[in-house]
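This report concerns only the one structure given below.
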Amino acid sequence: MSANGKADTTILVVDDTAASRYALGAVLRRDGHRVILAASAGEALLELDARHRAGDLPDVALIDVGLPDMSGFELCRRLKESPQTAVVPVVHFSAARVAPADRCRGLDAGGEAYLTVPAEPEEIQAVIRAVARGARHRSDAEAEAGHLTRLAETILDVQSARCPRELADAAAAGADRLTRGPAAAFILSDDGAMHRGLSRRRATSSLPDDGAHEAVARLVMRIMSGHVGVRSTFAPAPLWPPGFFHAEPGSAGPDGARLALARSREGCAPVCLATPSYAQAPAPGTGRLVGRLAHATALAAERLLMYEMERHIALTLQRSFLPAHVPQVPGTEVVVRYEPASRDTEIGGDFYAALPTSAGVLTAIGDVVGHSLEAATVMVEIRHALRAYCVDEPDPRILAHRLDKMLQRYHPDVTATLCLALVDPGTGRTRVSNAGHIPPLIVSDDGVATYLEASGPLLGLGLERPAPTETALLPTDRLLMVTDGLIETRGIDLAVSMEHLRVAAAESPLGVTALCDTLLACFGHDRDDDIALLVLGLTGNP
């Protein structure tokens, strides 16, 4: 600011008349402006080019219309057409061209104002101040729009995160984008775990140890204790542990960190966005934008951490009812495999069972439609109901009918696929009732694999159940039952995938365990759905 309180600006005066040039310069200097003088359009272009490279363009260009090498209108047009100088506002002046048409030419060329000289010094000073003020306002508005655009892009990345670790990485990258410096993000979960993200601008030569993470967690919890919303503060070096930010060249390292902390509501885990204190001081308003980013991160963290908790509950529930080994019935050998989908995939309702009954061993494999905690709980109910029903009635058709009625009564909006096979170990007699599931595959030791022709409507629809499909297993046969997660691939017809499964099963080594392991090796990679397999073989010793 100048001594008289006016904004300190730089004015480029372009005039071929020396006396006029210096007189204008004196008027502007008295108003507190810095003045650059140029005697021609060519001299002005050279000066602007040098100042552009130095990052110090003038705030206003005051240009005489009647220059000897190029008219002031043409010079203005060239400035406005160049991305390097388009931001410089132009004020034309002239003592000769004072007609309205001349003023229009100046404005059409891109000028902001037109002065007729001679003019009172106060008028010249007022016009320059007004033009400079308007340019500053436009520049501030454009900068604010740029900040808001970067914030919107960053929040979109934050909201697209699929897990807390991705969220921390996105938040750190966003804080880096807003502050144009290294940044770190920390998300604390209710169980005390911390998810950390560091922006790429940070050097990776040294990483913080566990003690540093514990110190950050304690600091964040202390600052946010009893607080909901956004807080901004500074953590000096004794409180902020080293290792999260590398040292600037020639410096001893940061002496602390600027922190933006947020908590979406009481009881939710807080988040923290940190930037080093040695970084260049952020532009005005940047702290507010980082605070908004921290709040958006806290809202996303609440959703993701809740999903992680629900997923953990569902996984625990699902695993507890899907043992790795099933009870063995004399005369049979049953092997099961279960492979959960990737961590980013929701919980499914796949299940299997091998139950001894009065008529032989009952094998079952199925899938509750949907991916959620509800699907997992319904899966458990179906499995329990099946165990209870088969005590008195092992017939697969009757069991499917009862399970269908149970779903209609207690879960009318849920459907499930299920395949039941009742095998007599002594005779090999096998009765299959299928409810919308992939039919069983009979794999013989001579390299032949055939799907049983067993079909029927899904459970939960209340439709009539067809009679069971009957066949006779030989001691050289294996009964294979799978869920569609093993073979279903987006964009590929299920019938094609089933044929691939049939061929792979026919070519597998002998034995029930070898069949399971071979199929998992062939198909069980990077699947978007849970995988369940059950293979039964006869031992010939019932």
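Residue numbering restarts at 1 in every chain; chains get A, B, ... in the order shown in the structure tokens, and ligands count up from 1 in that same order.
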I want to know what sits within 7 Å of Glu339 (chain A), based on only C-alpha atoms, with residues of the same chain fewer than 5 positions away left out; could you give that as a list in words? Asp530, Ile531 and Ala532 of chain A
Please identify all polymer residues within 6 Å of region 234-240 of chain A, counting only C-alpha atoms, omitting same-chain residues fewer than 3 positions from it, and present them as number ranges by chain. A: 255-259
Write to file, as a PDB file, in the first residue's frame, the residues of the selection just made, with N, CA, C and O atoms.
ATOM      1  N   ASP A 255       8.861 -26.902  10.888  1.00  0.00           N
ATOM      2  CA  ASP A 255       8.799 -26.695  12.331  1.00  0.00           C
ATOM      3  C   ASP A 255       7.398 -26.969  12.859  1.00  0.00           C
ATOM      4  O   ASP A 255       7.054 -26.544  13.964  1.00  0.00           O
ATOM      5  N   GLY A 256       6.604 -27.700  12.088  1.00  0.00           N
ATOM      6  CA  GLY A 256       5.255 -28.039  12.516  1.00  0.00           C
ATOM      7  C   GLY A 256       4.373 -28.264  11.299  1.00  0.00           C
ATOM      8  O   GLY A 256       4.859 -28.442  10.188  1.00  0.00           O
ATOM      9  N   ALA A 257       3.078 -28.260  11.514  1.00  0.00           N
ATOM     10  CA  ALA A 257       2.142 -28.523  10.429  1.00  0.00           C
ATOM     11  C   ALA A 257       0.865 -27.720  10.632  1.00  0.00           C
ATOM     12  O   ALA A 257       0.439 -27.491  11.764  1.00  0.00           O
ATOM     13  N   ARG A 258       0.301 -27.268   9.528  1.00  0.00           N
ATOM     14  CA  ARG A 258      -1.036 -26.674   9.546  1.00  0.00           C
ATOM     15  C   ARG A 258      -2.050 -27.803   9.448  1.00  0.00           C
ATOM     16  O   ARG A 258      -1.921 -28.672   8.587  1.00  0.00           O
ATOM     17  N   LEU A 259      -3.050 -27.781  10.296  1.00  0.00           N
ATOM     18  CA  LEU A 259      -4.007 -28.882  10.367  1.00  0.00           C
ATOM     19  C   LEU A 259      -5.420 -28.386  10.098  1.00  0.00           C
ATOM     20  O   LEU A 259      -5.821 -27.326  10.596  1.00  0.00           O
TER      21      LEU A 259
END
For region 57-63 of chain A, find every residue with an atom within 7 Å (counting only C-alpha atoms), except residues of its own chain fewer than 2 positions away, and show them as a list in words.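 What passes the distance filter is Thr9, Thr10, Ile11, Leu12, Val13, Val14, Asp15, Leu48, Arg51, His52, Gly55, Val65, Gly72, Val88, Pro89, Val90, Val91, His92, Phe93 and Ala132 of chain A.
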What does the distance from CA of Phe73 (chain A) to CA of Tyr114 (chain A) come to in Å, to one decimal?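 About the pair CA of Phe73 (chain A) and CA of Tyr114 (chain A): they are 11.0 Å apart.
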All residues 10 Å or closer to region 500-509 of chain A, only C-alpha atoms, same chain fewer than 2 positions away omitted, as a ChimeraX atom specification: /A:441-451,478,480,482,486-487,494-498,511-519,522-523
Write out as a ChimeraX atom specification all residues of region 40-227 of chain A that backbone DSSP assigns to helix (DSSP H, G or I). /A:41-54,72-81,100-108,121-159,164-179,210-223
Nearest to Val535 (chain A), chosen from A:Leu520, A:Ala298, A:Leu355, A:Val336, with only C-alpha atoms counted in the distances: A:Val336
When distances are computed from only C-alpha atoms, which of A:Ala353, A:Ala130, A:Met224, A:Ala274 shows the smallest separation from Phe186 (chain A)?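 Nearest candidate to Phe186 (chain A) out of A:Ala353, A:Ala130, A:Met224, A:Ala274: A:Ala274.
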Which of these, A:Met481, A:Val423, A:Ala126, A:Cys272, has the shortest distance to Leu28 (chain A) once you count only C-alpha atoms?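 Of A:Met481, A:Val423, A:Ala126, A:Cys272, the one nearest Leu28 (chain A) is A:Ala126, counting only C-alpha atoms.
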